[in-house]
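A.B. asks: Can you read through this structure? Questions will come right after.
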Protein chains: 2
Amino acid sequence: MSRAIGILGGMGPAATVDLMGRIIAATPAQGDAGHLHLLVDSNPAVPDRNRAIAGEGPSPGPALAAMARGLEAQGAEMLAIACNSAHAWAGEIRAAASVPLVSMIDATVEAIRRDHPGARTIGLLAADACLGAGLYQGPLAQAGFEVLLSEDQPGFMALVYGVKGGETGAAARAGMAAQAEALAARGAELIVAACTEVPLLLGPEESPVPLVDSTAALVAKLVHLAAD
Amino acid sequence: MSRAIGILGGMGPAATVDLMGRIIAATPAQGDAGHLHLLVDSNPAVPDRNRAIAGEGPSPGPALAAMARGLEAQGAEMLAIACNSAHAWAGEIRAAASVPLVSMIDATVEAIRRDHPGARTIGLLAADACLGAGLYQGPLAQAGFEVLLSEDQPGFMALVYGVKGGETGAAARAGMAAQAEALAARGAELIVAACTEVPLLLGPEESPVPLVDSTAALVAKLVHLAAD
């Protein structure tokens, strides 16, 4: 019997649907019954993570904690967050729930170490809040990697907010590819899509160097854990 | 302030994600905050609707009623079901919840009457349970339409169950197009995709005559009602 996954979502909504679609695609199933039970709270009212880290807006912690409690009450046996930045409030989520939170950050760092042990220099595409909270830089430095960040972070954030407003066309895709290319040109041997909006604009085939996608890393871990 | 939509899903999982993605795409939003609050229970353990109507399996009614109660407890202010056939148990769902259930059947029949008032003959692509419960035939006959059903219903059901198992490739798409073409050849002026798996294989551009898609009709109604 598989275990129900509770997804804290809406950050943004399209990234939540992307995560769900990939869980479904990654699940070997002959029919409905072979799929995993997903309980999803796609909540657009979670306060902006980037503004919160910048000290310009309220903390999303209480909203995320309430969502975790609600999903657990509905039967979730493990939790996941469809947003890297929101992991800055993982402590509040873990304190609110008695079921485990499967960290997308941990899953992604594990995937990098497992699949790219020879890489030294990583280009990190992450939102302001994710960078401000140091969610990836610490674990990656500890694992011996050098981390390069975008030299056009405002441009990156404009693309991320664009996705949340439905901008996923050719211009947006070209913009995200340019972000990856700039990192590769500076020596990144690997691009880490450490924001769930990135894969909505950039696929592995559009990245000049191998792409490690945080959504894909989380999906693989969730499908493995939930199917146990 | 928009109202939270609770979605009874998992029938199948891909159709649930399709419904969510279309709600998001249909919502005018500049960022996360402009989107609708979606609470989703994508539950693969809902008993098979087709087997239940055929008297070959347990009723999905109790599972659907429990999902409705859970979604309402989590804050859903209206409910929707991402499956036409499951509307055969709408009575049990309505009895279990105190918030309204927005019927996909009603939304689709309304869309047909509004957008195609001149049509007389409708080709209905619907699953066994949906047909067995007469969910569409009654309202469409009452509205003065003649309804044509597939002459290869086993072939149609094989395509529907295929989607639930991930079969959405070229052969499956050609098979669903052939279903639509056969109905058009027999005089259907309109195809009604009255199963949420159909649009995962058949788009308006692949239908030989205008296509009314039950998912699209429900999305339009939900976005209108929830944004109020």
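The chains in the structure tokens are called A, B, ... from first to last as shown; in each chain the residues are counted from 1, and the ligands are counted from 1 in the order shown.
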Which chain B residues are at most 10 Å from chain A (counting only C-alpha atoms), as a count of residues only?
C.D. replies: 60
A.B. asks: Leaving out Asn50 in chain B and any residue of its chain fewer than 2 positions from it, which residues lie within 6 Å of it when counting only C-alpha atoms, given as an mmCIF file with N, CA and C atoms, in the first residue's frame?
C.D. replies:
```
data_model
loop_
_atom_site.group_PDB
_atom_site.id
_atom_site.type_symbol
_atom_site.label_atom_id
_atom_site.label_comp_id
_atom_site.auth_asym_id
_atom_site.auth_seq_id
_atom_site.Cartn_x
_atom_site.Cartn_y
_atom_site.Cartn_z
ATOM 1 N N ASP B 48 -13.585 1.867 -9.206
ATOM 2 C CA ASP B 48 -13.807 2.072 -10.639
ATOM 3 C C ASP B 48 -15.287 2.354 -10.915
ATOM 4 N N ALA B 52 -18.545 -0.297 -11.234
ATOM 5 C CA ALA B 52 -19.649 -0.124 -10.283
ATOM 6 C C ALA B 52 -20.997 -0.053 -11.000
ATOM 7 N N ILE B 53 -21.066 0.750 -12.064
ATOM 8 C CA ILE B 53 -22.331 0.880 -12.806
ATOM 9 C C ILE B 53 -22.731 -0.468 -13.423
ATOM 10 N N ASP B 128 -18.364 4.218 -20.092
ATOM 11 C CA ASP B 128 -19.487 3.310 -19.827
ATOM 12 C C ASP B 128 -20.355 3.775 -18.666
ATOM 13 N N ALA B 129 -19.704 4.175 -17.565
ATOM 14 C CA ALA B 129 -20.472 4.547 -16.372
ATOM 15 C C ALA B 129 -21.296 5.796 -16.640
#
```
A.B. asks: Measure the distance from CA of Leu79 in chain A to CA of Val102 in chain A in Å and round it to one decimal.
C.D. replies: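 These atoms are spaced 6.0 Å apart.
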A.B. asks: Quick one: pick out all strand (DSSP E or B) residues within range 99-202 of chain B from a backbone DSSP run and write them as a list in words.
C.D. replies: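 Residues meeting the strand (DSSP E or B) criterion: Leu101, Thr121, Ile122, Gly123, Leu124, Leu125, Glu146, Val147, Leu148, Leu149, Leu190, Ile191, Val192 and Ala193 of chain B.
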A.B. asks: Would you kindly return, as a list in words, each protein, DNA or RNA residue with an atom no farther than 9 Å from any atom of Leu190 in chain B, considering only C-alpha atoms and excluding same-chain residues fewer than 4 positions away?
C.D. replies: Ile112, His116, Ala119, Arg120, Thr121, Ile122, Gly123, Leu124, Leu183, Ala184, Pro208, Val209, Pro210, Leu211 and Val212 of chain B
A.B. asks: Can I get the selected residues back with N, CA and C atoms, as an mmCIF file, in the first residue's frame?
C.D. replies:
```cif
data_model
loop_
_atom_site.group_PDB
_atom_site.id
_atom_site.type_symbol
_atom_site.label_atom_id
_atom_site.label_comp_id
_atom_site.auth_asym_id
_atom_site.auth_seq_id
_atom_site.Cartn_x
_atom_site.Cartn_y
_atom_site.Cartn_z
ATOM 1 N N ILE B 112 -23.046 23.724 -24.486
ATOM 2 C CA ILE B 112 -23.591 23.268 -25.776
ATOM 3 C C ILE B 112 -24.755 24.167 -26.190
ATOM 4 N N HIS B 116 -23.768 26.373 -29.293
ATOM 5 C CA HIS B 116 -24.169 25.643 -30.491
ATOM 6 C C HIS B 116 -25.687 25.468 -30.554
ATOM 7 N N ALA B 119 -27.213 23.362 -33.505
ATOM 8 C CA ALA B 119 -26.886 21.945 -33.731
ATOM 9 C C ALA B 119 -28.084 21.068 -33.391
ATOM 10 N N ARG B 120 -28.223 19.977 -34.138
ATOM 11 C CA ARG B 120 -29.322 19.031 -33.859
ATOM 12 C C ARG B 120 -28.758 17.691 -33.383
ATOM 13 N N THR B 121 -27.657 17.287 -33.985
ATOM 14 C CA THR B 121 -27.146 15.938 -33.737
ATOM 15 C C THR B 121 -25.773 16.012 -33.079
ATOM 16 N N ILE B 122 -25.671 15.389 -31.921
ATOM 17 C CA ILE B 122 -24.461 15.463 -31.111
ATOM 18 C C ILE B 122 -23.808 14.092 -30.998
ATOM 19 N N GLY B 123 -22.512 14.030 -31.250
ATOM 20 C CA GLY B 123 -21.755 12.797 -31.015
ATOM 21 C C GLY B 123 -21.195 12.834 -29.607
ATOM 22 N N LEU B 124 -21.547 11.838 -28.803
ATOM 23 C CA LEU B 124 -21.198 11.854 -27.379
ATOM 24 C C LEU B 124 -20.111 10.825 -27.089
ATOM 25 N N LEU B 183 -18.161 9.382 -35.596
ATOM 26 C CA LEU B 183 -19.407 10.051 -35.191
ATOM 27 C C LEU B 183 -19.783 11.131 -36.196
ATOM 28 N N ALA B 184 -18.781 11.890 -36.668
ATOM 29 C CA ALA B 184 -19.059 12.946 -37.648
ATOM 30 C C ALA B 184 -19.574 12.338 -38.951
ATOM 31 N N PRO B 208 -13.079 16.590 -36.371
ATOM 32 C CA PRO B 208 -13.585 16.966 -37.698
ATOM 33 C C PRO B 208 -14.741 17.963 -37.630
ATOM 34 N N VAL B 209 -15.378 18.063 -36.498
ATOM 35 C CA VAL B 209 -16.476 19.019 -36.277
ATOM 36 C C VAL B 209 -16.203 19.700 -34.938
ATOM 37 N N PRO B 210 -16.905 20.795 -34.622
ATOM 38 C CA PRO B 210 -16.623 21.482 -33.353
ATOM 39 C C PRO B 210 -16.664 20.530 -32.160
ATOM 40 N N LEU B 211 -15.763 20.793 -31.227
ATOM 41 C CA LEU B 211 -15.623 19.940 -30.047
ATOM 42 C C LEU B 211 -16.037 20.730 -28.809
ATOM 43 N N VAL B 212 -16.968 20.182 -28.043
ATOM 44 C CA VAL B 212 -17.289 20.773 -26.742
ATOM 45 C C VAL B 212 -16.650 19.884 -25.686
#
```
A.B. asks: Nearest to Ser207 in chain B among B:Ile191, B:Ala172, B:Leu64, B:Leu222, with distances taken over only C-alpha atoms: which residue is it?
C.D. replies: B:Ile191
A.B. asks: Based on DSSP run over this structure's backbone, return all residues of range 28-224 of chain A in helix (DSSP H, G or I), as a ChimeraX atom specification.
C.D. replies: /A:32-34,49-53,61-73,85-96,104-115,128-132,137-142,153-164,170-185,198-200,204-206,214-224
A.B. asks: Would you work out the distance separating CA of Gln137 in chain B from CA of Pro62 in chain B, expressed in Å to one decimal?
C.D. replies: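 Calculated distance between CA of Gln137 in chain B and CA of Pro62 in chain B is 25.3 Å.
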A.B. asks: Could you please determine the separation between CA of Lys221 in chain B and CA of Val109 in chain B in Å, to one decimal place?
C.D. replies: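 One can read the CA of Lys221 in chain B to CA of Val109 in chain B distance as 11.9 Å.
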A.B. asks: So, counting only C-alpha atoms, which residue among A:Leu8, A:Ala68, A:Cys130, A:Ala188 is closest to Leu148 in chain A?
C.D. replies: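 Using only C-alpha atoms, the shortest distance to Leu148 in chain A belongs to A:Ala188.
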